[in-house]
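Structure file start-v2.cif (mmCIF, C-alpha atoms and all ligand atoms) follows.
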data_target
loop_
_atom_site.label_atom_id
_atom_site.label_comp_id
_atom_site.auth_asym_id
_atom_site.auth_seq_id
_atom_site.Cartn_x
_atom_site.Cartn_y
_atom_site.Cartn_z
CA MET A 1 135.41 76.01 78.39
CA HIS A 2 136.12 78.34 75.47
CA PRO A 3 136.92 82.02 75.94
CA PRO A 4 134.37 84.45 74.51
CA ALA A 5 135.06 85.99 71.12
CA ASP A 6 135.58 89.41 72.69
CA ARG A 7 136.40 90.65 76.17
CA THR A 8 133.03 92.32 76.75
CA ILE A 9 131.79 91.61 80.27
CA SER A 10 128.05 91.58 80.76
CA PRO A 11 126.61 93.45 83.78
CA ASP A 12 125.32 90.10 85.07
CA PHE A 13 128.83 88.61 84.92
CA GLU A 14 130.08 91.47 87.14
CA SER A 15 127.14 91.66 89.54
CA ARG A 16 127.29 88.04 90.67
CA ARG A 17 130.37 88.76 92.78
CA PRO A 18 129.75 92.01 94.69
CA LEU A 19 133.00 93.09 96.30
CA VAL A 20 131.79 94.21 99.75
CA ARG A 21 129.60 91.14 100.27
CA SER A 22 132.42 88.86 99.15
CA LEU A 23 134.93 90.53 101.48
CA ALA A 24 132.50 90.34 104.42
CA ARG A 25 131.85 86.64 103.83
CA GLY A 26 135.57 85.95 103.47
CA PHE A 27 136.40 87.91 106.63
CA VAL A 28 134.10 85.68 108.68
CA CYS A 29 135.83 82.70 107.02
CA GLY A 30 132.83 81.75 104.94
CA CYS A 31 132.57 80.94 101.26
CA PRO A 32 132.40 84.25 99.35
CA ASN A 33 130.02 82.70 96.84
CA CYS A 34 127.27 81.25 99.07
CA GLY A 35 128.25 82.48 102.55
CA ARG A 36 127.26 79.15 104.12
CA GLY A 37 130.22 76.84 103.51
CA ALA A 38 133.46 77.05 105.48
CA LEU A 39 136.38 78.62 103.63
CA PHE A 40 139.11 76.90 105.71
CA ARG A 41 139.84 73.25 106.43
CA ALA A 42 142.63 74.23 108.88
CA PHE A 43 143.86 77.48 110.45
CA LEU A 44 145.29 78.91 107.22
CA LYS A 45 144.43 76.14 104.74
CA PRO A 46 141.53 77.03 102.46
CA VAL A 47 139.24 74.22 101.34
CA ALA A 48 139.72 73.01 97.76
CA ALA A 49 136.02 73.58 97.13
CA CYS A 50 133.10 74.94 99.14
CA PRO A 51 131.32 72.01 100.85
CA VAL A 52 127.94 73.70 100.24
CA CYS A 53 128.04 75.25 96.77
CA GLY A 54 131.14 73.53 95.35
CA GLU A 55 132.92 76.77 94.39
CA ASP A 56 136.53 75.95 93.48
CA PHE A 57 139.10 77.71 95.72
CA THR A 58 142.22 76.04 94.36
CA HIS A 59 142.89 79.24 92.38
CA GLN A 60 143.59 81.34 95.48
CA ARG A 61 147.06 82.90 95.67
CA ALA A 62 146.93 84.77 98.98
CA ASP A 63 150.65 84.13 99.54
CA ASP A 64 152.19 86.74 101.88
CA ALA A 65 149.40 89.32 101.64
CA PRO A 66 147.48 88.21 104.80
CA PRO A 67 150.51 88.53 107.16
CA TYR A 68 151.44 91.93 105.68
CA ILE A 69 147.90 93.24 106.05
CA THR A 70 147.62 91.78 109.56
CA ILE A 71 150.87 93.47 110.62
CA VAL A 72 149.64 96.82 109.27
CA ILE A 73 146.33 96.54 111.15
CA VAL A 74 147.85 95.30 114.42
CA GLY A 75 150.55 97.96 114.31
CA HIS A 76 148.13 100.80 113.66
CA VAL A 77 145.90 99.72 116.56
CA LEU A 78 148.43 98.67 119.18
CA VAL A 79 151.30 101.13 118.72
CA PRO A 80 149.15 104.18 119.62
CA LEU A 81 147.83 102.26 122.64
CA MET A 82 151.36 101.36 123.71
CA LEU A 83 152.57 104.95 123.36
CA THR A 84 149.54 106.28 125.23
CA ALA A 85 150.10 103.81 128.05
CA GLN A 86 153.81 104.66 128.13
CA ILE A 87 153.02 108.37 128.49
CA ALA A 88 150.04 108.08 130.82
CA THR A 89 151.53 105.59 133.29
CA ASP A 90 154.79 105.05 135.13
CA TRP A 91 154.70 101.27 134.77
CA PRO A 92 158.11 99.60 134.63
CA SER A 93 159.20 98.20 131.27
CA ILE A 94 158.59 94.62 132.40
CA VAL A 95 154.89 95.43 132.90
CA HIS A 96 154.65 96.93 129.42
CA LEU A 97 156.33 93.83 127.99
CA ALA A 98 154.00 91.55 129.94
CA ILE A 99 150.97 93.38 128.55
CA TRP A 100 151.87 94.30 124.98
CA LEU A 101 153.80 91.26 123.77
CA PRO A 102 151.02 88.73 124.46
CA LEU A 103 148.36 91.20 123.32
CA THR A 104 150.19 91.76 120.02
CA ALA A 105 150.61 88.04 119.43
CA ALA A 106 146.98 87.30 120.30
CA PHE A 107 145.64 90.13 118.12
CA ALA A 108 147.77 89.03 115.16
CA MET A 109 146.72 85.39 115.50
CA ALA A 110 143.07 86.40 115.82
CA LEU A 111 143.22 88.53 112.66
CA LEU A 112 145.31 86.28 110.42
CA GLN A 113 142.59 83.84 109.37
CA PRO A 114 139.86 86.49 108.78
CA VAL A 115 142.32 88.60 106.76
CA LYS A 116 143.32 85.59 104.68
CA GLY A 117 139.64 84.82 104.14
CA ALA A 118 139.09 88.39 102.93
CA VAL A 119 142.13 88.19 100.60
CA VAL A 120 140.87 84.93 99.07
CA ALA A 121 137.40 86.48 98.74
CA LEU A 122 138.92 89.57 97.08
CA GLN A 123 140.70 87.40 94.52
CA TRP A 124 137.48 85.47 93.91
CA ALA A 125 135.35 88.62 93.58
CA LEU A 126 137.79 90.23 91.15
CA ARG A 127 138.09 86.94 89.20
CA MET A 128 141.84 86.94 89.66
CA HIS A 129 144.04 84.00 88.68
CA GLY A 130 141.72 81.13 87.70
CA PHE A 131 138.67 82.49 89.52
CA ASP A 132 137.11 83.67 86.23
CA GLY A 133 135.77 80.16 85.62
CA GLY A 134 137.79 79.89 82.43
CA ALA A 135 136.00 82.85 80.84
CA PHE A 136 139.33 84.41 79.93
CA PRO A 137 142.60 82.64 79.15
CA ASP A 138 145.43 83.02 81.63
CA PRO A 139 147.76 85.71 80.14
CA ALA A 140 150.83 83.70 81.17
CA GLU A 141 149.59 80.62 79.30
CA VAL A 142 148.63 82.72 76.26
CA ALA A 143 152.17 84.15 76.18
CA LEU A 144 153.61 80.62 76.17
CA ASP A 145 151.21 79.37 73.49
CA HIS A 146 151.65 82.44 71.27
CA PRO A 147 155.15 83.92 71.47
CA PRO A 148 155.29 87.56 70.42
CA THR A 149 155.85 88.20 66.72
CA GLY A 150 156.42 91.29 64.59
CA ALA A 151 156.36 94.56 66.50
CA ALA A 152 155.74 92.84 69.86
CA ALA A 153 158.82 90.63 69.38
CA ARG A 154 160.94 93.67 68.46
CA ARG A 155 159.73 95.49 71.59
CA SER A 156 160.56 92.46 73.75
CA ALA A 157 164.02 92.20 72.17
CA ALA A 158 164.61 95.93 72.72
CA ARG A 159 163.77 95.46 76.42
CA GLY A 160 166.04 92.43 76.59
CA ALA A 161 163.07 90.20 77.42
CA PRO A 162 163.08 86.56 76.27
CA LEU A 163 161.08 85.83 73.12
CA ASN A 164 159.46 82.64 74.44
CA GLU A 165 161.18 80.49 71.83
CA PRO A 166 159.16 77.33 71.20
ZN ZN B 201 129.94 78.16 98.90
#
Hey, can you dump this file as structure tokens for me?
Amino acid sequence: MHPPADRTISPDFESRRPLVRSLARGFVCGCPNCGRGALFRAFLKPVAACPVCGEDFTHQRADDAPPYITIVIVGHVLVPLMLTAQIATDWPSIVHLAIWLPLTAAFAMALLQPVKGAVVALQWALRMHGFDGGAFPDPAEVALDHPPTGAAARRSAARGAPLNEP
């Protein structure tokens, strides 16, 4: 597929991937494109392509974002509950440990897959990485194919950046 002559994005191109709908579909572990196909083939392994609509998910780069986001959510929900329970009760520490450790682990495990689904859906909706369907060239590949010349090369040299010698 060839990139367009300019980088103008038509309203239709944008509107086919509404962000909130995509995130909601991803959070329930469904395909952000059609909402009917499963997004995961295993606990945290996304499918290569949607079994219903065929949307390609090999471009996802969720990496460490889902665990970070899960930790933030779990911490913001459970820490206030733990502190409230600590203040409001006179339970011994072993009781707190018996309650909060399994609850924290269970909450984190329950959230991890939906959060990863939402992250993949976010990348898809924003056409990150290769999710643009080849409409735009990957900037990293463009940099390799066309090393900077002229003023761009001088700026790179001034920053000490490599010039992508062929
Ligand atoms: Zn689909």
Residues within 12 Å of ligand ZN 201 (chain B) (only C-alpha atoms and all ligand atoms), as a PyMOL selection string? chain A and resi 22+25-26+29-40+47-57+121+124
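Comparing A:Ala85, A:Ala125, A:Leu44, A:Phe131 by their smallest distance to Asp64 in chain A, the closest is A:Leu44 (using all atoms listed in the file).
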Within 12 Å of Val72 in chain A using all atoms listed in the file, minus same-chain residues under 4 positions, as a list in words: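 Selected residues are Ala65, Pro66, Pro67, Tyr68, His76, Val77, Leu78, Val79, Thr104, Phe107, Ala108, Leu111, Leu112 and Val115 of chain A.
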Contacts of Met109 in chain A at 10 Å (all atoms listed in the file; same-chain gap of 6+ positions) as JSON, numbers by chain: {"A": [43, 67, 70, 103]}
Go through A:Leu81, A:Ala110, A:Leu23, A:Val28 and flag the residue nearest Gln123 in chain A, using all atoms listed in the file for the distances.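 Distance minimum relative to Gln123 in chain A lands on A:Leu23.
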How big is the axis-aligned box around the listed atoms of range 51-54 of chain A once 6 Å is added on each side, and where is its centre? Give both in Å to one decimal, as lines of an AutoDock Vina configuration file.
center_x = 129.6
center_y = 73.6
center_z = 98.1
size_x = 15.4
size_y = 15.2
size_z = 17.5
So how many Å separate CA of His129 in chain A and CA of Ala62 in chain A, to one decimal?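 CA of His129 in chain A sits 10.7 Å away from CA of Ala62 in chain A.
Of the listed residues A:Leu97, A:Met82, A:Leu126, A:Val74, the one whose atoms come nearest to Arg16 in chain A is A:Leu126, with distances taken using only C-alpha atoms.
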Rounded to one decimal, what separation in Å do you get between CA of Gly130 in chain A and CA of Ile73 in chain A? 28.4 Å
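Picture a line from CA of Pro18 in chain A to CA of Leu122 in chain A; it runs 9.8 Å.
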At a cut-off of 10 Å from (148.7, 79.4, 98.5) in the coordinates of the file, what residues are picked up using only C-alpha atoms, written as a PyMOL selection string? chain A and resi 44-46+58-64+120
From A:Arg127, A:Ala105, A:His96, A:Pro114, residue lying nearest Phe27 in chain A [all atoms listed in the file]: A:Pro114
